[in-house]
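Content type compact mmCIF, C-alpha atoms and all ligand atoms, from the file entry-v6.txt:
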# COMPACT_ATOMS: atom_id res chain seq x y z
CA MET A 212 -22.91 -21.15 -35.83
CA SER A 213 -25.68 -20.43 -38.34
CA ASN A 214 -25.65 -21.21 -42.07
CA ILE A 215 -25.65 -17.54 -43.06
CA ASP A 216 -22.69 -16.31 -45.09
CA VAL A 217 -23.22 -12.69 -44.14
CA TRP A 218 -20.38 -11.26 -46.25
CA LYS A 219 -21.75 -12.97 -49.35
CA ILE A 220 -25.29 -11.79 -48.54
CA ARG A 221 -24.10 -8.20 -48.11
CA GLU A 222 -22.96 -8.26 -51.75
CA ASP A 223 -26.65 -8.52 -52.72
CA PHE A 224 -27.46 -5.12 -51.13
CA PRO A 225 -25.85 -2.21 -53.01
CA ILE A 226 -26.70 0.39 -50.36
CA LEU A 227 -24.66 -1.44 -47.71
CA LYS A 228 -21.51 -0.25 -49.49
CA ALA A 229 -22.53 3.40 -48.97
CA LYS A 230 -20.53 5.91 -46.98
CA VAL A 231 -22.45 8.15 -44.61
CA ARG A 232 -20.76 11.33 -43.40
CA GLY A 233 -17.46 9.84 -44.56
CA LYS A 234 -17.99 6.65 -42.53
CA ASP A 235 -19.10 3.16 -43.55
CA LEU A 236 -22.87 2.94 -43.27
CA VAL A 237 -23.99 0.79 -40.33
CA TYR A 238 -27.69 0.31 -41.00
CA LEU A 239 -29.50 -0.78 -37.84
CA ASP A 240 -32.95 0.63 -38.61
CA ASN A 241 -34.41 -2.49 -40.15
CA ALA A 242 -37.62 -2.41 -38.11
CA ALA A 243 -38.46 0.89 -39.83
CA THR A 244 -37.67 -0.48 -43.27
CA THR A 245 -35.28 -3.05 -44.69
CA GLN A 246 -32.81 -2.43 -47.50
CA LYS A 247 -33.49 -3.93 -50.91
CA PRO A 248 -31.43 -6.61 -52.63
CA GLN A 249 -30.30 -5.90 -56.21
CA ILE A 250 -32.68 -8.56 -57.51
CA VAL A 251 -35.68 -6.55 -56.22
CA ILE A 252 -34.32 -3.30 -57.68
CA ASP A 253 -33.73 -5.09 -61.00
CA LYS A 254 -37.29 -6.41 -61.01
CA LEU A 255 -38.68 -2.88 -60.72
CA VAL A 256 -36.48 -1.69 -63.59
CA GLN A 257 -37.43 -4.75 -65.64
CA TYR A 258 -41.12 -4.15 -65.01
CA TYR A 259 -41.04 -0.55 -66.18
CA SER A 260 -38.69 -1.18 -69.09
CA GLU A 261 -40.17 -4.43 -70.40
CA MET A 262 -43.76 -4.97 -69.26
CA ASN A 263 -45.37 -1.77 -67.95
CA SER A 264 -49.08 -2.03 -68.65
CA ASN A 265 -52.35 -1.99 -66.76
CA ILE A 266 -53.52 -5.37 -65.53
CA HIS A 267 -56.76 -7.39 -65.70
CA ARG A 268 -58.36 -5.29 -68.42
CA GLY A 269 -56.29 -5.69 -71.52
CA VAL A 270 -56.17 -8.37 -74.16
CA HIS A 271 -52.86 -7.11 -75.54
CA TYR A 272 -49.56 -8.82 -74.92
CA LEU A 273 -48.12 -6.45 -72.30
CA SER A 274 -51.31 -6.39 -70.26
CA GLU A 275 -51.43 -10.16 -70.24
CA LEU A 276 -47.77 -10.31 -69.24
CA SER A 277 -48.10 -7.87 -66.33
CA THR A 278 -51.34 -9.55 -65.19
CA LYS A 279 -49.55 -12.91 -65.17
CA GLU A 280 -46.64 -11.50 -63.17
CA PHE A 281 -48.91 -9.74 -60.67
CA GLU A 282 -51.01 -12.87 -60.13
CA LYS A 283 -47.80 -14.90 -59.82
CA ALA A 284 -46.74 -12.59 -56.97
CA ARG A 285 -50.07 -13.30 -55.26
CA LYS A 286 -49.32 -17.02 -55.45
CA ILE A 287 -45.82 -16.45 -54.02
CA VAL A 288 -47.34 -14.61 -51.04
CA LYS A 289 -49.95 -17.32 -50.60
CA LYS A 290 -47.29 -20.04 -50.46
CA PHE A 291 -45.03 -17.92 -48.23
CA ILE A 292 -47.62 -17.67 -45.45
CA ASN A 293 -49.32 -20.97 -46.34
CA ALA A 294 -52.79 -19.63 -47.12
CA ASN A 295 -55.29 -22.00 -48.72
CA PHE A 296 -56.49 -19.90 -51.65
CA ASP A 297 -55.20 -17.11 -53.93
CA GLU A 298 -58.45 -15.28 -53.13
CA GLU A 299 -57.34 -14.93 -49.52
CA ILE A 300 -54.42 -12.68 -50.52
CA ILE A 301 -55.40 -9.02 -50.96
CA PHE A 302 -52.84 -6.47 -52.16
CA THR A 303 -52.92 -3.24 -50.15
CA ARG A 304 -50.56 -0.30 -49.60
CA GLY A 305 -49.18 -1.83 -46.41
CA THR A 306 -49.99 -3.00 -42.91
CA THR A 307 -51.75 0.25 -42.06
CA GLU A 308 -54.12 0.01 -45.01
CA SER A 309 -54.71 -3.70 -44.37
CA ILE A 310 -55.78 -3.01 -40.79
CA ASN A 311 -57.96 -0.07 -41.86
CA LEU A 312 -59.60 -2.28 -44.47
CA VAL A 313 -60.54 -4.89 -41.86
CA ALA A 314 -61.58 -2.26 -39.32
CA SER A 315 -63.86 -0.57 -41.80
CA SER A 316 -65.32 -3.62 -43.56
CA PHE A 317 -65.45 -6.15 -40.69
CA GLY A 318 -66.55 -3.31 -38.42
CA LYS A 319 -69.53 -2.41 -40.64
CA LYS A 320 -70.67 -5.99 -40.86
CA PHE A 321 -69.88 -7.51 -37.51
CA ILE A 322 -69.35 -4.82 -34.84
CA ASN A 323 -72.44 -3.47 -33.10
CA GLU A 324 -73.24 -1.34 -30.08
CA GLY A 325 -71.87 -2.79 -26.86
CA ASP A 326 -69.51 -5.21 -28.65
CA GLU A 327 -65.88 -5.32 -27.58
CA ILE A 328 -62.57 -5.29 -29.43
CA ILE A 329 -59.37 -6.31 -27.65
CA ILE A 330 -55.91 -5.03 -28.53
CA SER A 331 -52.72 -4.99 -26.43
CA ALA A 332 -50.64 -2.40 -24.63
CA MET A 333 -47.79 -2.80 -27.12
CA GLU A 334 -49.62 -2.02 -30.37
CA HIS A 335 -48.35 0.24 -33.10
CA HIS A 336 -50.62 3.26 -33.58
CA SER A 337 -51.89 1.64 -36.77
CA ASN A 338 -53.36 -1.17 -34.67
CA ILE A 339 -54.92 1.25 -32.16
CA VAL A 340 -56.41 4.18 -34.03
CA PRO A 341 -58.49 2.26 -36.64
CA TRP A 342 -60.17 0.33 -33.77
CA GLN A 343 -60.83 3.54 -31.85
CA MET A 344 -62.50 4.89 -34.98
CA VAL A 345 -64.62 1.74 -35.35
CA CYS A 346 -65.60 1.84 -31.69
CA GLU A 347 -66.66 5.46 -31.98
CA GLU A 348 -68.66 4.75 -35.11
CA ARG A 349 -70.33 1.55 -33.94
CA GLY A 350 -70.69 2.26 -30.22
CA ALA A 351 -68.28 -0.55 -29.34
CA ILE A 352 -65.71 -0.71 -26.52
CA LEU A 353 -61.94 -1.05 -26.83
CA LYS A 354 -60.14 -3.15 -24.21
CA VAL A 355 -56.38 -3.40 -23.76
CA ILE A 356 -54.30 -6.38 -22.55
CA PRO A 357 -51.66 -4.99 -20.18
CA MET A 358 -48.00 -6.05 -20.12
CA ASN A 359 -45.57 -6.75 -17.31
CA ASP A 360 -42.26 -4.99 -16.64
CA ASP A 361 -40.46 -7.34 -19.04
CA ALA A 362 -42.83 -6.25 -21.82
CA GLU A 363 -44.68 -9.56 -21.94
CA LEU A 364 -48.45 -9.64 -22.34
CA MET A 365 -50.30 -10.60 -19.15
CA MET A 366 -52.22 -13.61 -20.35
CA ASP A 367 -54.24 -13.95 -17.14
CA GLU A 368 -55.54 -10.44 -17.71
CA PHE A 369 -56.39 -11.33 -21.29
CA LYS A 370 -58.45 -14.28 -20.08
CA LYS A 371 -60.32 -11.91 -17.76
CA LEU A 372 -60.99 -9.40 -20.57
CA ILE A 373 -62.32 -11.81 -23.14
CA SER A 374 -66.01 -12.69 -23.18
CA GLU A 375 -68.88 -13.43 -25.52
CA LYS A 376 -69.02 -9.66 -26.15
CA THR A 377 -65.55 -9.77 -27.78
CA LYS A 378 -65.91 -9.69 -31.55
CA LEU A 379 -62.28 -9.23 -32.50
CA VAL A 380 -58.81 -9.53 -30.95
CA SER A 381 -56.14 -7.61 -32.86
CA ILE A 382 -52.59 -8.27 -31.72
CA VAL A 383 -49.08 -7.52 -32.86
CA HIS A 384 -47.01 -10.65 -33.51
CA ILE A 385 -43.66 -8.99 -32.75
CA SER A 386 -43.52 -5.56 -31.11
CA ASN A 387 -41.62 -2.99 -33.18
CA SER A 388 -40.50 -0.98 -30.15
CA LEU A 389 -39.82 -3.79 -27.64
CA GLY A 390 -38.96 -6.83 -29.74
CA THR A 391 -41.37 -9.06 -27.76
CA ILE A 392 -42.62 -12.10 -29.66
CA ASN A 393 -46.19 -12.58 -28.47
CA PRO A 394 -47.74 -16.01 -27.80
CA ILE A 395 -50.15 -15.61 -30.69
CA ARG A 396 -50.98 -19.30 -31.04
CA ASN A 397 -52.32 -19.28 -27.49
CA ILE A 398 -54.09 -15.94 -27.97
CA ILE A 399 -55.81 -17.21 -31.13
CA LYS A 400 -56.95 -20.38 -29.33
CA ILE A 401 -58.37 -18.48 -26.36
CA ALA A 402 -60.09 -15.93 -28.61
CA HIS A 403 -61.68 -18.63 -30.76
CA GLN A 404 -62.97 -20.43 -27.68
CA ALA A 405 -64.82 -17.22 -26.84
CA GLY A 406 -66.12 -16.93 -30.42
CA ALA A 407 -63.95 -13.92 -31.36
CA LYS A 408 -62.01 -13.47 -34.60
CA VAL A 409 -58.30 -12.65 -34.53
CA LEU A 410 -56.16 -10.29 -36.59
CA ILE A 411 -52.38 -10.66 -36.33
CA ASP A 412 -50.21 -7.66 -37.18
CA GLY A 413 -47.24 -9.35 -38.81
CA ALA A 414 -45.44 -6.17 -39.91
CA GLN A 415 -42.45 -7.14 -37.76
CA SER A 416 -42.64 -10.92 -37.91
CA VAL A 417 -42.63 -12.35 -41.45
CA GLN A 418 -39.08 -11.11 -42.04
CA HIS A 419 -37.76 -12.87 -38.92
CA LEU A 420 -39.58 -16.19 -38.56
CA LYS A 421 -41.70 -18.64 -40.49
CA VAL A 422 -45.40 -17.77 -40.44
CA ASP A 423 -48.04 -20.36 -41.32
CA VAL A 424 -51.52 -18.81 -41.22
CA ASN A 425 -53.15 -22.19 -41.69
CA ASN A 426 -51.38 -23.69 -38.76
CA LEU A 427 -51.91 -20.59 -36.60
CA ASP A 428 -55.59 -20.52 -37.57
CA CYS A 429 -55.68 -16.71 -37.42
CA ASP A 430 -58.58 -15.05 -39.24
CA PHE A 431 -56.58 -12.13 -40.62
CA PHE A 432 -52.84 -11.56 -41.01
CA VAL A 433 -51.33 -8.32 -42.27
CA LEU A 434 -47.85 -7.35 -43.45
CA SER A 435 -45.85 -4.61 -45.21
CA GLY A 436 -43.67 -5.32 -48.25
CA HIS A 437 -41.03 -2.74 -47.38
CA LYS A 438 -40.15 -4.45 -44.07
CA LEU A 439 -39.71 -7.72 -45.95
CA TYR A 440 -36.94 -6.55 -48.33
CA GLY A 441 -39.56 -5.47 -50.90
CA PRO A 442 -40.64 -2.02 -52.11
CA THR A 443 -42.62 0.58 -50.18
CA GLY A 444 -46.28 1.15 -50.97
CA VAL A 445 -47.33 -2.49 -51.09
CA GLY A 446 -48.63 -4.79 -48.39
CA ILE A 447 -50.85 -7.77 -47.86
CA LEU A 448 -54.07 -8.59 -46.11
CA TYR A 449 -54.63 -12.29 -45.62
CA GLY A 450 -58.15 -13.22 -44.56
CA LYS A 451 -60.01 -16.50 -44.34
CA LYS A 452 -62.05 -16.84 -47.51
CA GLU A 453 -65.45 -17.26 -45.89
CA LEU A 454 -64.88 -14.16 -43.76
CA LEU A 455 -63.70 -12.00 -46.66
CA GLU A 456 -66.68 -13.21 -48.66
CA ALA A 457 -69.04 -12.10 -45.89
CA MET A 458 -67.44 -8.64 -45.62
CA PRO A 459 -68.56 -5.64 -47.71
CA PRO A 460 -66.10 -3.87 -50.06
CA TYR A 461 -63.77 -1.29 -48.51
CA GLN A 462 -63.54 1.08 -51.46
CA GLY A 463 -65.58 1.40 -54.63
CA GLY A 464 -64.16 1.82 -58.12
CA GLY A 465 -62.74 -0.06 -61.08
CA ASP A 466 -61.80 -3.74 -60.86
CA MET A 467 -63.87 -4.38 -57.73
CA ILE A 468 -67.10 -4.60 -59.73
CA ARG A 469 -68.78 -7.27 -61.83
CA SER A 470 -71.27 -4.88 -63.44
CA VAL A 471 -72.37 -1.28 -62.90
CA THR A 472 -75.63 0.45 -63.72
CA PHE A 473 -76.95 3.64 -62.15
CA GLU A 474 -79.53 1.56 -60.37
CA LYS A 475 -77.31 -1.18 -58.97
CA THR A 476 -73.71 -2.41 -58.88
CA LEU A 477 -72.69 -6.03 -58.52
CA TYR A 478 -69.38 -6.58 -56.80
CA ASN A 479 -66.54 -8.70 -58.10
CA ASP A 480 -65.33 -11.94 -56.53
CA LEU A 481 -62.39 -12.17 -54.16
CA PRO A 482 -59.70 -10.95 -54.13
CA TYR A 483 -60.69 -8.17 -56.57
CA LYS A 484 -63.66 -7.10 -54.43
CA PHE A 485 -61.10 -5.53 -52.09
CA GLU A 486 -58.73 -4.19 -54.77
CA ALA A 487 -60.49 -1.12 -56.16
CA GLY A 488 -58.61 0.86 -58.81
CA THR A 489 -55.27 0.18 -60.45
CA PRO A 490 -53.13 -1.57 -57.86
CA ASN A 491 -49.46 -1.01 -57.20
CA ILE A 492 -48.49 -3.42 -59.96
CA ALA A 493 -44.71 -2.98 -60.10
CA ASP A 494 -44.24 -3.10 -56.35
CA GLY A 495 -46.56 -6.08 -55.98
CA ILE A 496 -44.51 -8.01 -58.52
CA ALA A 497 -41.26 -6.96 -56.84
CA LEU A 498 -42.64 -8.06 -53.46
CA GLY A 499 -42.92 -11.53 -54.96
CA THR A 500 -39.24 -11.32 -55.91
CA ALA A 501 -38.31 -10.16 -52.40
CA ILE A 502 -40.12 -13.13 -50.87
CA GLN A 503 -38.34 -15.52 -53.22
CA TYR A 504 -35.05 -13.94 -52.15
CA VAL A 505 -35.87 -14.37 -48.44
CA GLU A 506 -36.90 -17.97 -49.10
CA SER A 507 -33.62 -18.64 -50.89
CA ILE A 508 -31.80 -17.74 -47.67
CA GLY A 509 -34.31 -19.61 -45.54
CA LEU A 510 -36.28 -18.28 -42.58
CA ASP A 511 -34.85 -20.89 -40.23
CA ASN A 512 -31.34 -19.72 -41.10
CA ILE A 513 -32.43 -16.09 -40.77
CA TYR A 514 -33.99 -16.70 -37.36
CA GLU A 515 -30.95 -18.53 -36.05
CA TYR A 516 -28.48 -15.90 -37.28
CA GLU A 517 -30.55 -12.96 -36.04
CA MET A 518 -30.77 -14.63 -32.60
CA GLU A 519 -26.97 -14.72 -32.57
CA LEU A 520 -26.96 -10.98 -33.32
CA LEU A 521 -29.59 -10.30 -30.67
CA ASN A 522 -27.67 -12.20 -28.00
CA TYR A 523 -24.35 -10.62 -28.96
CA GLY A 524 -25.89 -7.14 -29.11
CA THR A 525 -27.70 -7.52 -25.79
CA GLU A 526 -24.54 -8.75 -24.05
CA LYS A 527 -22.38 -5.92 -25.45
CA LEU A 528 -24.91 -3.18 -24.75
CA LEU A 529 -25.46 -4.36 -21.19
CA GLU A 530 -21.73 -3.88 -20.56
CA ILE A 531 -22.42 -0.12 -20.76
CA PRO A 532 -23.43 0.89 -17.20
CA GLU A 533 -25.36 4.00 -18.30
CA LEU A 534 -27.56 1.98 -20.69
CA ARG A 535 -30.92 0.40 -19.90
CA ILE A 536 -32.76 -1.90 -22.29
CA ILE A 537 -36.51 -1.36 -22.62
CA GLY A 538 -38.08 -4.68 -23.53
CA THR A 539 -36.62 -7.72 -21.82
CA ALA A 540 -39.10 -10.43 -22.76
CA LYS A 541 -37.89 -14.02 -22.79
CA GLU A 542 -39.13 -14.41 -26.37
CA LYS A 543 -37.61 -11.61 -28.40
CA ALA A 544 -36.76 -10.79 -31.99
CA SER A 545 -33.64 -8.89 -33.07
CA VAL A 546 -34.81 -5.49 -31.86
CA ILE A 547 -33.12 -3.65 -28.98
CA SER A 548 -34.66 -0.47 -27.58
CA PHE A 549 -32.56 1.38 -25.05
CA VAL A 550 -32.19 4.59 -23.10
CA LEU A 551 -29.03 6.25 -21.77
CA ASP A 552 -28.93 8.00 -18.40
CA ASN A 553 -29.53 11.73 -18.80
CA ILE A 554 -29.13 11.80 -22.60
CA HIS A 555 -32.23 12.29 -24.73
CA PRO A 556 -32.66 9.60 -27.40
CA HIS A 557 -32.74 12.26 -30.14
CA ASP A 558 -29.26 13.38 -29.12
CA VAL A 559 -28.15 9.75 -29.10
CA GLY A 560 -29.52 9.22 -32.61
CA THR A 561 -27.89 12.40 -33.92
CA LEU A 562 -24.48 11.52 -32.50
CA LEU A 563 -24.65 7.91 -33.69
CA ASP A 564 -25.49 9.22 -37.15
CA ARG A 565 -22.24 11.21 -37.14
CA GLU A 566 -20.46 7.87 -36.83
CA GLY A 567 -22.46 6.44 -39.74
CA VAL A 568 -24.68 4.37 -37.44
CA ALA A 569 -28.38 4.53 -38.37
CA VAL A 570 -30.76 3.75 -35.50
CA ARG A 571 -34.29 5.02 -34.92
CA THR A 572 -35.13 7.33 -32.05
CA GLY A 573 -38.54 8.43 -30.83
CA HIS A 574 -41.73 6.71 -29.75
CA HIS A 575 -41.72 4.36 -32.77
CA CYS A 576 -45.47 4.98 -33.26
CA THR A 577 -46.09 3.31 -29.90
CA GLU A 578 -46.73 6.22 -27.54
CA PRO A 579 -48.57 4.04 -24.98
CA VAL A 580 -45.47 1.82 -24.73
CA MET A 581 -43.32 4.86 -23.89
CA ARG A 582 -45.83 5.87 -21.23
CA ARG A 583 -45.94 2.33 -19.81
CA PHE A 584 -42.15 2.38 -19.30
CA ASP A 585 -42.09 6.02 -18.28
CA VAL A 586 -39.62 7.14 -20.94
CA PRO A 587 -40.11 9.99 -23.43
CA ALA A 588 -38.62 7.96 -26.25
CA THR A 589 -36.01 5.25 -26.89
CA SER A 590 -33.19 4.59 -29.31
CA ARG A 591 -33.77 1.39 -31.21
CA ALA A 592 -31.26 -0.82 -32.99
CA SER A 593 -32.95 -3.48 -35.11
CA PHE A 594 -30.91 -6.14 -36.88
CA SER A 595 -31.31 -7.95 -40.18
CA PHE A 596 -29.56 -11.06 -41.50
CA TYR A 597 -27.19 -8.74 -43.41
CA ASN A 598 -25.87 -7.13 -40.23
CA THR A 599 -22.62 -8.24 -38.64
CA LYS A 600 -21.15 -8.45 -35.16
CA GLU A 601 -18.62 -5.85 -36.33
CA GLU A 602 -21.50 -3.45 -36.92
CA ILE A 603 -22.78 -4.08 -33.41
CA ASP A 604 -19.25 -3.29 -32.16
CA ALA A 605 -19.44 -0.02 -34.14
CA LEU A 606 -22.76 0.77 -32.44
CA VAL A 607 -21.32 0.09 -29.00
CA LYS A 608 -18.26 2.24 -29.74
CA ALA A 609 -20.46 5.10 -30.99
CA ILE A 610 -22.65 4.89 -27.86
CA LYS A 611 -19.58 5.04 -25.61
CA ARG A 612 -18.34 8.09 -27.50
CA THR A 613 -21.78 9.72 -27.06
CA ILE A 614 -21.65 9.13 -23.30
CA LEU A 615 -18.15 10.63 -23.16
CA MET A 616 -19.27 13.72 -25.09
CA PHE A 617 -22.13 14.30 -22.67
CA GLY A 618 -19.72 13.93 -19.78
C1 LIG B 701 -45.86 -3.55 -35.62
C2 LIG B 701 -46.19 -2.61 -36.73
N1 LIG B 701 -47.45 -2.50 -37.15
C3 LIG B 701 -47.79 -1.69 -38.16
C4 LIG B 701 -46.86 -0.90 -38.78
C5 LIG B 701 -47.29 0.00 -39.90
O1 LIG B 701 -46.69 -0.42 -41.09
P1 LIG B 701 -46.77 0.46 -42.41
O2 LIG B 701 -46.30 1.84 -42.02
O3 LIG B 701 -45.83 -0.21 -43.36
O4 LIG B 701 -48.17 0.44 -42.87
C6 LIG B 701 -45.53 -0.96 -38.36
C7 LIG B 701 -44.51 -0.08 -38.95
O5 LIG B 701 -43.54 0.27 -38.34
C8 LIG B 701 -45.19 -1.84 -37.32
O6 LIG B 701 -43.94 -1.93 -36.87
Rewrite the coordinates I just gave you, this time as structure tokens.
Ligand SMILES: Cc1ncc(COP(=O)(O)O)c(C=O)c1O
Amino acid sequence: MSNIDVWKIREDFPILKAKVRGKDLVYLDNAATTQKPQIVIDKLVQYYSEMNSNIHRGVHYLSELSTKEFEKARKIVKKFINANFDEEIIFTRGTTESINLVASSFGKKFINEGDEIIISAMEHHSNIVPWQMVCEERGAILKVIPMNDDAELMMDEFKKLISEKTKLVSIVHISNSLGTINPIRNIIKIAHQAGAKVLIDGAQSVQHLKVDVNNLDCDFFVLSGHKLYGPTGVGILYGKKELLEAMPPYQGGGDMIRSVTFEKTLYNDLPYKFEAGTPNIADGIALGTAIQYVESIGLDNIYEYEMELLNYGTEKLLEIPELRIIGTAKEKASVISFVLDNIHPHDVGTLLDREGVAVRTGHHCTEPVMRRFDVPATSRASFSFYNTKEEIDALVKAIKRTILMFG
């Protein structure tokens, strides 16, 4: 048994008490976004009621206060992923913007005609499209690591794809539509041996397991605040300092400059070089609070408890003969994608919703994954440390009722 007191934790999340269509809310769409603990909501209210002010530019009290809080959040993120320097933590709008920043800036500086970029067959669209755009712009080639029928990356194929032409490998840590935990340590090692840099898409990992960028030795790591119990509209790009220093700015504007004349502009130091304009101050600060909350529960405890949920959920769902799980990797996070014989996932999602059960249906922004498994879409239940086995029972009951309704 894990150390999680789930009923006590649920008290921290006001929305979990909600009724949906007259039923208790069963929120199993955590891979799309997590709910927010009261402490994060309070921080946002506190920011706007007690310290709202623009940062970095003011000498007045409120500006100093909000600057201090914002920079404190940067330090919290740095410690959370074990980066070496504050300058390695760039605030962005989310994973998507972080990847686009690297694609645009690293691409301009380091990707040339004939170079290669490697991604995998289980990437989110936000880790496919920016690289396609770079390849088109720079005349580079995109290569894709295939996966086997259990949704595990084929490492032998990866070793065949990588060469001295590979400039960057960009890989998802945990797949949002399959739950697969990829062997990123190994991937990073192999890529570095070939002289390539590595970006890890951690949108689905930092909320489930401990990430140590120093230990992993990845060159870039990206995440979204809203999937980590923080607000929407804020995310992080971690990059090794010497790499970020070598990269040109992504956007031009205020805060990213040291001095401007019409003849020439000098750029600011890291991290501000990559933070043009007024950042998302309130949400950045509240992301710091969310991380402190997650740390107070402990990622080891979270991992252990969510594994219990994953095992329980997998066992119960597999008892339904009409149900097939898509994504059966040995190393999996608490995400279960499934299809039901002859019932479209959208109908499944709609009927589950009538029972108060929130799951996601569709291609989950991973159309190539759907094609690989020859399904139009899946239904996906994704668990957080605030979910209970009783909620999984409610999901199973609602699925059985759906099957009955469809005869
Ligand atoms: C694996 C993965 N990468 C990237 C993203 C994009 O994140 P965001 O929409 O927060 O930028 C998501 C969101 O679902 C994701 O699951």
Problem set entry | Distance filter 7 Å around ligand LIG 701 (chain B), atoms: only C-alpha atoms and all ligand atoms, out as a PyMOL selection string | chain A and resi 242-243+305-308+334-335+337-338+383+385-387+412-415+435+437
For this session: Skip Glu368 in chain A itself and residues of its chain fewer than 2 positions away, then list as number ranges by chain all residues within 10 Å of it, counting only C-alpha atoms.
Result: A: 355-358, 364-366, 370-373
Exercise. What would the list of residues within 10 Å of (-59.9, -15.6, -47.7) (file frame) look like as a ChimeraX atom specification, if only C-alpha atoms are what count?
Worked result: /A:294-301,430-431,448-457,481-482
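Of the listed residues (A:Leu389, A:Phe317, A:Ala609, A:Thr245), A:Ala609 comes nearest to Val559 in chain A; the distances count all atoms listed in the file.
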Problem set entry | Residue among A:Gln257, A:Thr613, A:Ser331, A:Asn214 lying closest to Asn553 in chain A, counting only C-alpha atoms | A:Thr613
Exercise. Which distance in Å separates CA of Lys283 in chain A and CA of Ile468 in chain A, to one decimal?
Worked result: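 Answer for the CA of Lys283 in chain A to CA of Ile468 in chain A separation: 21.9 Å.
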Exercise. Which neighbours of Leu255 in chain A fall inside 8 Å, counting only C-alpha atoms, when residues of the same chain fewer than 5 positions from it are skipped, and could you give them as number ranges by chain?
Worked result: A: 493-494, 497
Exercise. Restricting the calculation to only C-alpha atoms, which member of A:Pro225, A:Gly390, A:Pro579, A:Gly325 is positioned closest to Met518 in chain A?
Worked result: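 Closest residue, counting only C-alpha atoms: A:Gly390.
Rounded to one decimal, CA of Ala402 in chain A and CA of Asp480 in chain A lie 28.7 Å from each other.
Of the residues listed (A:Lys611, A:Lys234, A:Lys290, A:Arg349), A:Lys611 shows the shortest atom-to-atom separation from Leu534 in chain A; distances use all atoms listed in the file.
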Exercise. Please, what distance in Å, to one decimal, runs between CA of Ser545 in chain A and CA of Asn522 in chain A?
Worked result: 8.5 Å
For this session: Tell me which protein, DNA and RNA residues are within 12 Å of Leu520 in chain A, counting only C-alpha atoms, leaving out same-chain ones fewer than 4 positions away, and put them as a ChimeraX atom specification.
Result: /A:212-213,215,217,239,513-516,524-528,543-547,592-604
